[in-house]
>>> print(open('start-v6.txt').read())   # compact mmCIF, C-alpha atoms
# COMPACT_ATOMS: atom_id res chain seq x y z
CA MET A 30 81.26 116.51 230.53
CA PRO A 31 83.43 119.05 228.63
CA THR A 32 81.54 121.92 227.01
CA ARG A 33 82.72 120.98 223.49
CA VAL A 34 81.32 117.44 223.89
CA CYS A 35 78.01 118.80 225.21
CA PHE A 36 77.79 121.09 222.21
CA VAL A 37 78.38 118.20 219.80
CA PHE A 38 75.68 116.08 221.45
CA LEU A 39 73.30 119.04 221.41
CA CYS A 40 73.90 119.60 217.71
CA LEU A 41 73.26 115.94 217.00
CA ALA A 42 70.10 116.00 219.07
CA LEU A 43 68.76 119.11 217.34
CA SER A 44 69.78 118.52 213.75
CA LEU A 45 72.96 117.06 212.37
CA THR A 46 72.39 118.72 209.02
CA ALA A 47 71.92 122.18 210.51
CA CYS A 48 75.05 121.81 212.62
CA VAL A 49 77.19 120.90 209.62
CA PHE A 50 75.73 123.83 207.66
CA ILE A 51 76.65 126.34 210.37
CA LEU A 52 80.16 124.98 210.75
CA LEU A 53 80.66 125.11 207.00
CA PHE A 54 79.17 128.54 206.55
CA HIS A 55 81.29 130.57 208.99
CA ARG A 56 85.04 131.06 209.15
CA ASN A 57 87.43 133.08 211.28
CA LEU A 58 88.51 136.35 209.70
CA GLY A 59 92.19 135.56 209.29
CA LYS A 60 93.54 134.55 212.68
CA SER A 61 91.25 136.95 214.54
CA GLY A 62 88.38 135.65 216.65
CA LEU A 63 85.73 137.29 214.44
CA ARG A 64 83.47 134.72 212.76
CA VAL A 65 82.16 135.78 209.36
CA SER A 66 79.95 133.96 206.88
CA CYS A 67 82.05 132.57 204.05
CA LEU A 68 79.77 134.44 201.67
CA GLY A 69 79.09 138.13 202.27
CA LEU A 70 76.89 140.68 200.51
CA GLY A 71 78.59 143.65 198.87
CA THR A 72 76.95 146.94 197.88
CA TRP A 73 79.30 148.21 195.15
CA VAL A 74 77.39 149.41 192.02
CA THR A 75 74.05 148.11 193.34
CA PHE A 76 72.90 149.83 196.56
CA GLY A 77 71.87 153.45 196.11
CA SER A 78 72.47 153.23 192.38
CA GLN A 79 71.64 150.27 190.12
CA ILE A 80 68.81 148.77 192.19
CA SER A 81 65.85 150.15 194.12
CA ASP A 82 65.85 150.43 197.91
CA GLU A 83 63.08 147.81 197.96
CA MET A 84 65.25 145.33 196.05
CA ALA A 85 68.18 146.12 198.33
CA GLU A 86 66.02 145.29 201.35
CA ASN A 87 64.87 142.03 199.75
CA LEU A 88 68.47 141.03 199.07
CA MET A 89 69.61 141.79 202.62
CA THR A 90 66.64 139.94 204.10
CA ILE A 91 67.22 136.80 202.02
CA ALA A 92 70.96 136.90 202.73
CA TYR A 93 70.50 137.35 206.49
CA GLU A 94 67.84 134.63 206.71
CA ASN A 95 70.17 132.23 204.89
CA GLY A 96 73.02 132.74 207.34
CA VAL A 97 74.94 135.61 205.74
CA ASN A 98 76.19 137.87 208.52
CA LEU A 99 78.66 140.03 206.56
CA PHE A 100 77.61 143.20 204.71
CA ASP A 101 80.23 145.36 203.00
CA THR A 102 80.08 148.97 201.80
CA ALA A 103 82.28 152.07 201.38
CA GLU A 104 82.05 155.81 201.76
CA VAL A 105 82.61 156.21 198.00
CA TYR A 106 79.87 153.81 196.82
CA ALA A 107 77.20 155.87 195.04
CA SER A 108 78.69 158.95 196.73
CA GLY A 109 77.55 157.75 200.16
CA ARG A 110 74.05 156.62 199.12
CA ALA A 111 75.01 152.94 199.47
CA GLU A 112 75.77 153.49 203.17
CA ILE A 113 72.50 155.42 203.61
CA THR A 114 70.49 152.61 202.00
CA LEU A 115 72.27 149.96 204.05
CA GLY A 116 71.72 151.93 207.28
CA ASN A 117 68.03 152.48 206.58
CA ILE A 118 67.49 148.76 205.97
CA ILE A 119 69.32 147.75 209.16
CA LYS A 120 67.26 150.22 211.18
CA LYS A 121 63.99 149.02 209.62
CA LYS A 122 64.72 145.31 210.10
CA GLY A 123 65.57 145.69 213.78
CA TRP A 124 68.14 142.90 213.74
CA ARG A 125 70.34 142.55 216.83
CA ARG A 126 73.51 144.56 216.18
CA SER A 127 75.55 141.75 217.67
CA SER A 128 74.26 139.27 215.06
CA PHE A 129 75.88 140.76 211.94
CA VAL A 130 79.11 142.33 210.70
CA ILE A 131 79.25 145.67 208.88
CA THR A 132 82.38 146.76 207.04
CA THR A 133 83.08 150.04 205.29
CA LYS A 134 86.04 151.52 203.46
CA ILE A 135 87.70 154.91 203.77
CA TYR A 136 89.69 156.81 201.15
CA TRP A 137 87.50 158.73 198.68
CA GLY A 138 85.11 160.82 200.75
CA GLY A 139 84.60 164.06 198.84
CA GLN A 140 86.00 166.65 196.45
CA ALA A 141 88.11 168.64 198.91
CA GLU A 142 91.78 167.75 199.28
CA THR A 143 91.20 166.93 202.97
CA GLU A 144 88.22 164.66 202.18
CA ARG A 145 90.24 161.89 200.61
CA GLY A 146 93.29 159.82 201.41
CA LEU A 147 94.43 158.23 204.66
CA SER A 148 95.49 161.19 206.74
CA ARG A 149 94.55 160.99 210.41
CA LYS A 150 92.03 163.76 209.70
CA HIS A 151 90.22 161.91 206.92
CA ILE A 152 90.29 158.48 208.57
CA ILE A 153 88.58 159.89 211.67
CA GLU A 154 86.22 162.33 209.93
CA GLY A 155 85.50 159.91 207.09
CA LEU A 156 84.54 157.13 209.49
CA ARG A 157 82.34 159.52 211.48
CA GLY A 158 80.58 160.39 208.24
CA SER A 159 80.08 156.72 207.41
CA LEU A 160 78.67 156.00 210.86
CA SER A 161 76.25 158.90 210.47
CA ARG A 162 75.01 157.61 207.10
CA LEU A 163 74.80 154.04 208.43
CA GLN A 164 73.05 155.22 211.61
CA LEU A 165 75.38 153.00 213.64
CA ASP A 166 77.57 153.55 216.69
CA TYR A 167 80.37 151.48 215.19
CA VAL A 168 81.38 149.33 212.23
CA ASP A 169 82.96 145.96 212.79
CA ILE A 170 85.79 146.53 210.30
CA VAL A 171 87.03 149.74 208.71
CA PHE A 172 89.19 149.23 205.63
CA ALA A 173 91.79 151.54 204.13
CA ASN A 174 90.50 151.51 200.54
CA ARG A 175 93.99 151.55 198.91
CA ASN A 176 97.28 152.79 200.33
CA ASP A 177 98.07 156.50 200.45
CA VAL A 178 101.63 157.40 199.47
CA ASN A 179 101.09 160.91 200.86
CA SER A 180 100.38 159.66 204.39
CA PRO A 181 103.12 158.11 206.56
CA MET A 182 102.38 154.52 207.53
CA GLU A 183 102.75 155.35 211.22
CA GLU A 184 100.05 158.03 210.89
CA ILE A 185 97.69 155.56 209.19
CA VAL A 186 98.21 152.83 211.81
CA ARG A 187 97.90 155.30 214.70
CA ALA A 188 94.64 156.69 213.28
CA MET A 189 93.20 153.19 212.80
CA THR A 190 94.21 152.30 216.36
CA PHE A 191 92.55 155.51 217.59
CA VAL A 192 89.17 154.81 215.94
CA ILE A 193 89.22 151.29 217.39
CA ASN A 194 90.10 152.55 220.88
CA GLN A 195 87.32 155.14 220.57
CA GLY A 196 84.78 152.39 219.85
CA MET A 197 84.12 153.51 216.28
CA ALA A 198 85.36 150.18 214.86
CA MET A 199 86.26 146.73 216.17
CA TYR A 200 89.02 145.88 213.67
CA TRP A 201 90.76 147.46 210.71
CA GLY A 202 91.94 146.07 207.43
CA THR A 203 93.37 146.98 204.05
CA SER A 204 91.95 146.90 200.55
CA ARG A 205 94.05 146.61 197.40
CA TRP A 206 97.31 146.94 199.35
CA SER A 207 100.46 145.10 198.32
CA ALA A 208 101.91 142.40 200.56
CA MET A 209 104.84 144.70 201.28
CA GLU A 210 102.55 147.54 202.39
CA ILE A 211 100.56 145.21 204.67
CA MET A 212 103.76 143.91 206.23
CA GLU A 213 104.96 147.49 206.78
CA ALA A 214 101.69 148.32 208.59
CA TYR A 215 102.09 145.22 210.75
CA SER A 216 105.72 146.10 211.59
CA VAL A 217 104.77 149.68 212.53
CA ALA A 218 101.97 148.36 214.75
CA ARG A 219 104.32 145.99 216.54
CA GLN A 220 107.04 148.64 216.89
CA PHE A 221 104.77 151.20 218.56
CA ASN A 222 102.37 148.80 220.35
CA LEU A 223 99.49 149.68 218.02
CA ILE A 224 96.76 147.53 216.43
CA PRO A 225 97.72 145.73 213.17
CA PRO A 226 95.34 145.02 210.26
CA VAL A 227 93.47 141.69 210.34
CA CYS A 228 92.32 141.39 206.74
CA GLU A 229 93.00 142.38 203.14
CA GLN A 230 90.21 142.86 200.62
CA ALA A 231 91.41 141.66 197.24
CA GLU A 232 89.99 140.98 193.80
CA TYR A 233 89.93 137.24 193.16
CA HIS A 234 88.56 135.13 190.33
CA TYR A 235 89.72 132.74 187.60
CA PHE A 236 91.76 135.46 185.88
CA GLN A 237 93.14 137.28 188.95
CA ARG A 238 94.99 134.77 191.11
CA ASP A 239 98.55 135.60 192.11
CA LYS A 240 97.91 137.84 195.11
CA VAL A 241 95.32 135.63 196.84
CA GLU A 242 96.97 132.30 196.06
CA VAL A 243 100.64 133.17 196.58
CA GLN A 244 101.14 136.44 198.49
CA LEU A 245 98.28 136.43 201.01
CA PRO A 246 98.74 132.83 202.25
CA GLU A 247 102.29 133.78 203.25
CA LEU A 248 100.96 136.78 205.19
CA TYR A 249 98.27 134.61 206.78
CA HIS A 250 100.86 132.20 208.16
CA LYS A 251 103.31 134.93 209.18
CA ILE A 252 101.04 137.59 210.70
CA GLY A 253 97.50 136.18 210.61
CA VAL A 254 96.04 138.47 207.93
CA GLY A 255 92.98 136.92 206.27
CA ALA A 256 91.54 137.50 202.80
CA MET A 257 88.09 138.87 202.05
CA THR A 258 87.74 138.63 198.28
CA TRP A 259 85.51 140.44 195.80
CA SER A 260 84.40 140.12 192.17
CA PRO A 261 84.32 136.27 192.08
CA LEU A 262 82.51 136.45 188.72
CA ALA A 263 84.91 139.04 187.23
CA CYS A 264 82.15 141.69 187.00
CA GLY A 265 79.82 139.15 185.39
CA LEU A 266 82.25 137.96 182.72
CA ILE A 267 82.31 134.43 184.12
CA THR A 268 78.52 134.03 183.93
CA GLY A 269 78.76 134.09 180.12
CA LYS A 270 76.46 137.11 179.78
CA TYR A 271 79.04 138.82 177.53
CA SER A 272 79.63 135.87 175.21
CA ASP A 273 77.55 137.46 172.43
CA GLY A 274 78.34 141.11 173.11
CA VAL A 275 77.38 143.59 175.83
CA PRO A 276 73.69 143.40 176.86
CA GLU A 277 71.96 146.75 177.41
CA CYS A 278 71.05 145.99 181.02
CA SER A 279 74.51 144.72 182.00
CA ARG A 280 77.10 146.50 184.14
CA ALA A 281 79.41 147.00 181.15
CA ALA A 282 76.68 149.08 179.49
CA MET A 283 76.29 151.41 182.49
CA LYS A 284 77.62 154.94 182.58
CA GLY A 285 81.08 155.05 184.08
CA TYR A 286 81.90 151.43 183.19
CA GLN A 287 83.46 151.97 179.78
CA TRP A 288 86.59 150.28 181.16
CA LEU A 289 84.61 147.06 181.62
CA LYS A 290 83.18 147.23 178.11
CA GLU A 291 86.68 147.71 176.70
CA ARG A 292 87.94 144.80 178.77
CA VAL A 293 85.17 142.51 177.47
CA ASN A 294 85.85 143.49 173.85
CA SER A 295 89.64 143.27 174.11
CA GLU A 296 91.69 140.42 172.69
CA GLU A 297 92.40 139.18 176.23
CA GLY A 298 88.68 139.38 177.01
CA ARG A 299 87.85 137.19 174.02
CA ARG A 300 90.44 134.62 175.13
CA GLN A 301 88.90 134.59 178.58
CA LEU A 302 85.39 134.15 177.16
CA ALA A 303 86.62 131.12 175.21
CA LYS A 304 87.91 129.55 178.42
CA ILE A 305 84.66 130.40 180.20
CA LYS A 306 82.72 128.38 177.62
CA GLU A 307 84.81 125.33 178.53
CA LEU A 308 84.23 125.97 182.24
CA HIS A 309 80.47 126.07 181.58
CA LEU A 310 80.72 122.50 180.28
CA LEU A 311 82.48 121.48 183.50
CA ALA A 312 79.75 123.15 185.53
CA ASP A 313 77.11 121.21 183.59
CA ARG A 314 78.94 118.00 184.45
CA LEU A 315 78.93 118.92 188.15
CA ALA A 316 75.20 119.80 187.98
CA CYS A 317 75.73 123.44 188.97
CA THR A 318 75.83 126.82 187.28
CA ALA A 319 78.99 128.55 186.07
CA ALA A 320 78.56 131.17 188.79
CA GLN A 321 78.28 128.54 191.53
CA LEU A 322 81.39 126.77 190.27
CA ALA A 323 83.38 130.03 190.21
CA ILE A 324 82.33 131.01 193.76
CA ALA A 325 83.03 127.54 195.16
CA TRP A 326 86.42 127.65 193.44
CA CYS A 327 87.20 130.93 195.26
CA LEU A 328 86.11 129.48 198.61
CA ARG A 329 88.42 126.49 198.29
CA SER A 330 91.50 128.75 198.44
CA GLU A 331 93.61 128.75 201.61
CA GLY A 332 93.23 131.82 203.77
CA VAL A 333 90.04 133.10 202.11
CA SER A 334 87.76 134.01 204.99
CA SER A 335 84.83 135.28 202.93
CA VAL A 336 83.82 135.94 199.33
CA LEU A 337 81.76 139.09 198.73
CA LEU A 338 78.84 138.72 196.32
CA GLY A 339 77.56 141.50 194.09
CA VAL A 340 73.99 140.84 192.97
CA SER A 341 71.18 142.94 191.54
CA ASN A 342 68.21 140.60 192.04
CA THR A 343 67.03 137.81 194.31
CA ASP A 344 67.47 135.06 191.70
CA GLN A 345 71.17 135.89 191.39
CA LEU A 346 71.58 135.89 195.17
CA LEU A 347 69.90 132.51 195.65
CA GLU A 348 71.94 131.05 192.80
CA ASN A 349 75.19 132.36 194.31
CA LEU A 350 74.34 131.07 197.79
CA GLY A 351 73.89 127.66 196.16
CA ALA A 352 77.66 127.56 195.59
CA LEU A 353 78.00 126.11 199.10
CA ARG A 354 76.24 123.00 197.86
CA ILE A 355 79.14 122.08 195.58
CA LEU A 356 82.03 122.95 197.87
CA SER A 357 82.48 119.25 198.54
CA GLN A 358 83.07 118.74 194.82
CA MET A 359 86.10 121.02 194.83
CA THR A 360 88.36 117.95 194.96
CA PRO A 361 92.04 118.10 193.96
CA GLN A 362 91.03 116.46 190.67
CA THR A 363 88.38 119.09 189.91
CA VAL A 364 90.70 121.96 190.88
CA ALA A 365 93.47 120.47 188.69
CA GLU A 366 91.05 120.25 185.77
CA ILE A 367 90.11 123.91 186.20
CA ASP A 368 93.80 124.85 186.41
CA ALA A 369 94.46 122.98 183.17
CA LEU A 370 91.63 124.82 181.43
CA LEU A 371 92.78 128.23 182.69
CA GLY A 372 96.50 127.64 182.21
CA ASN A 373 97.40 130.42 184.66
CA LYS A 374 98.12 128.74 187.99
CA PRO A 375 100.58 130.95 189.91
CA HIS A 376 103.60 129.42 191.62
CA SER A 377 104.99 130.32 195.01
CA LYS A 378 108.62 131.33 195.50
CA LYS A 379 109.37 127.90 196.95
CA GLU A 380 107.91 126.17 193.87
CA SER A 381 109.84 128.51 191.58
CA ARG A 382 113.13 127.73 193.36
CA ALA A 383 112.36 124.01 193.16
>>> encode(input="start-v6.txt", output="structure tokens")
Amino acid sequence: MPTRVCFVFLCLALSLTACVFILLFHRNLGKSGLRVSCLGLGTWVTFGSQISDEMAENLMTIAYENGVNLFDTAEVYASGRAEITLGNIIKKKGWRRSSFVITTKIYWGGQAETERGLSRKHIIEGLRGSLSRLQLDYVDIVFANRNDVNSPMEEIVRAMTFVINQGMAMYWGTSRWSAMEIMEAYSVARQFNLIPPVCEQAEYHYFQRDKVEVQLPELYHKIGVGAMTWSPLACGLITGKYSDGVPECSRAAMKGYQWLKERVNSEEGRRQLAKIKELHLLADRLACTAAQLAIAWCLRSEGVSSVLLGVSNTDQLLENLGALRILSQMTPQTVAEIDALLGNKPHSKKESRA
């Protein structure tokens, strides 16, 4: 009997429900063979800064026990403390290294001119620093945390290939790169027999759509680059917490996040909050929260391998994980209703020509 058939019968014999859950919960990262949970846990703002190490451990434990295998960080998060916290938790939990995926991002590593950017020097030294803070031999994916106009693309791709060949990373990807820059990296890799990027990290939510819905699907079909998206709740805007102003304990009230407060209080922010109120009514109809609806909406997009969650307590995490429960309700009719409410559906070049 073929292996695939045996596996199906085994799943049915053990638990049909569990089998479906696993198949639903993991996706290939782009067209690579790496399987990542469709929801991942991010550490931006929270780890090493906004929350205690004890809360960070609770969040990672709940996430891991619920099937999340993807944990994302960066050398710049909390000036390296996010990586230290993440590494300490991994070491304490004693989980098999082969059972989870760790990603970090390189660009802003320090104050010196040579401690930032994507020179060969900083990519290699920056990743070594990250591995030291994480207490790991390797990360699964190292991301270039924006493009560097001062570093030639060939130098960037060669350095990323080097750290992979040295066993410091399994794959590399880009973060906040344009489609043109990603394609240039791919072309350089093919020209010189180097390793191309497998994934782009991009902001994606109701009010930030064009790149993930139009540009990245084209790259996915052409060169296999997947999308790992972040900020599905638009820094909390979509939850409705800013409907009556900026709460004292919110991210927009934190030091260094004046830009978010200004965004919430802007004319565009008020228009977005009005649309969010309508989306809350739709969520009520679907018997879910606004956050769950927004995350499920992100997951329904073609080419999205995983959505990174940013949470500061266990209640938020459990609520966000519940988004998987309503994925089946992301029907064409529901998506069309959301598009009508938002009024910002992007159009591909083919649709524009038509």
>>> atom_distance(input="start-v6.txt", atom1="CA of Val227 (chain A)", atom2="CA of Ser148 (chain A)")
19.9 Å
>>> closest_residue(input="start-v6.txt", among="A:Tyr235, A:Phe54, A:Phe221, A:Tyr215", to="Trp201 (chain A)", atoms="all atoms listed in the file")
A:Tyr215
>>> residues_around(input="start-v6.txt", residues="region 354-371 of chain A", least_positions_apart="2", cutoff="10 Å", atoms="all atoms listed in the file", output="number ranges by chain")
A: 50, 53, 235-236, 301, 304-305, 307-308, 311, 315-317, 321-329, 350-352, 373-375
>>> atom_distance(input="start-v6.txt", atom1="CA of Arg145 (chain A)", atom2="CA of Ser159 (chain A)")
13.3 Å
>>> closest_residue(input="start-v6.txt", among="A:Ala231, A:Leu58, A:Ile119, A:Ala85", to="Leu165 (chain A)", atoms="only C-alpha atoms")
A:Ile119
>>> closest_residue(input="start-v6.txt", among="A:Ile185, A:Val241, A:Ala111, A:Met257", to="Pro225 (chain A)", atoms="all atoms listed in the file")
A:Ile185
>>> closest_residue(input="start-v6.txt", among="A:Val130, A:Ala263, A:Ile135, A:Leu115", to="Ser204 (chain A)", atoms="all atoms listed in the file")
A:Ile135
>>> residues_around(input="start-v6.txt", residues="Val254 (chain A)", least_positions_apart="3", cutoff="10 Å", atoms="all atoms listed in the file", output="list in words")
Leu58, Gly59, Lys60, Ser61, Gly202, Thr203, Ile211, Met212, Tyr215, Pro225, Pro226, Val227, Cys228, Glu229, Leu245, Pro246, Glu247, Leu248, Tyr249, His250, Lys251, Met257, Gly332, Val333 and Ser334 of chain A
>>> atom_distance(input="start-v6.txt", atom1="CA of Ser108 (chain A)", atom2="CA of Arg292 (chain A)")
24.7 Å
>>> decode(input="start-v6.txt", residues="region 66-78 of chain A", atoms="C-alpha atoms", output="mmCIF file, in the first residue's frame")
data_model
loop_
_atom_site.group_PDB
_atom_site.id
_atom_site.type_symbol
_atom_site.label_atom_id
_atom_site.label_comp_id
_atom_site.auth_asym_id
_atom_site.auth_seq_id
_atom_site.Cartn_x
_atom_site.Cartn_y
_atom_site.Cartn_z
ATOM 1 C CA SER A 66 2.508 27.097 11.198
ATOM 2 C CA CYS A 67 0.138 29.492 9.483
ATOM 3 C CA LEU A 68 0.220 31.573 12.655
ATOM 4 C CA GLY A 69 3.575 32.523 14.155
ATOM 5 C CA LEU A 70 4.565 34.422 17.302
ATOM 6 C CA GLY A 71 6.451 37.684 16.879
ATOM 7 C CA THR A 72 8.533 39.460 19.524
ATOM 8 C CA TRP A 73 8.507 43.074 18.270
ATOM 9 C CA VAL A 74 7.686 45.581 21.075
ATOM 10 C CA THR A 75 6.836 42.800 23.562
ATOM 11 C CA PHE A 76 9.807 40.536 24.394
ATOM 12 C CA GLY A 77 12.522 42.217 26.437
ATOM 13 C CA SER A 78 10.497 45.405 26.646
#
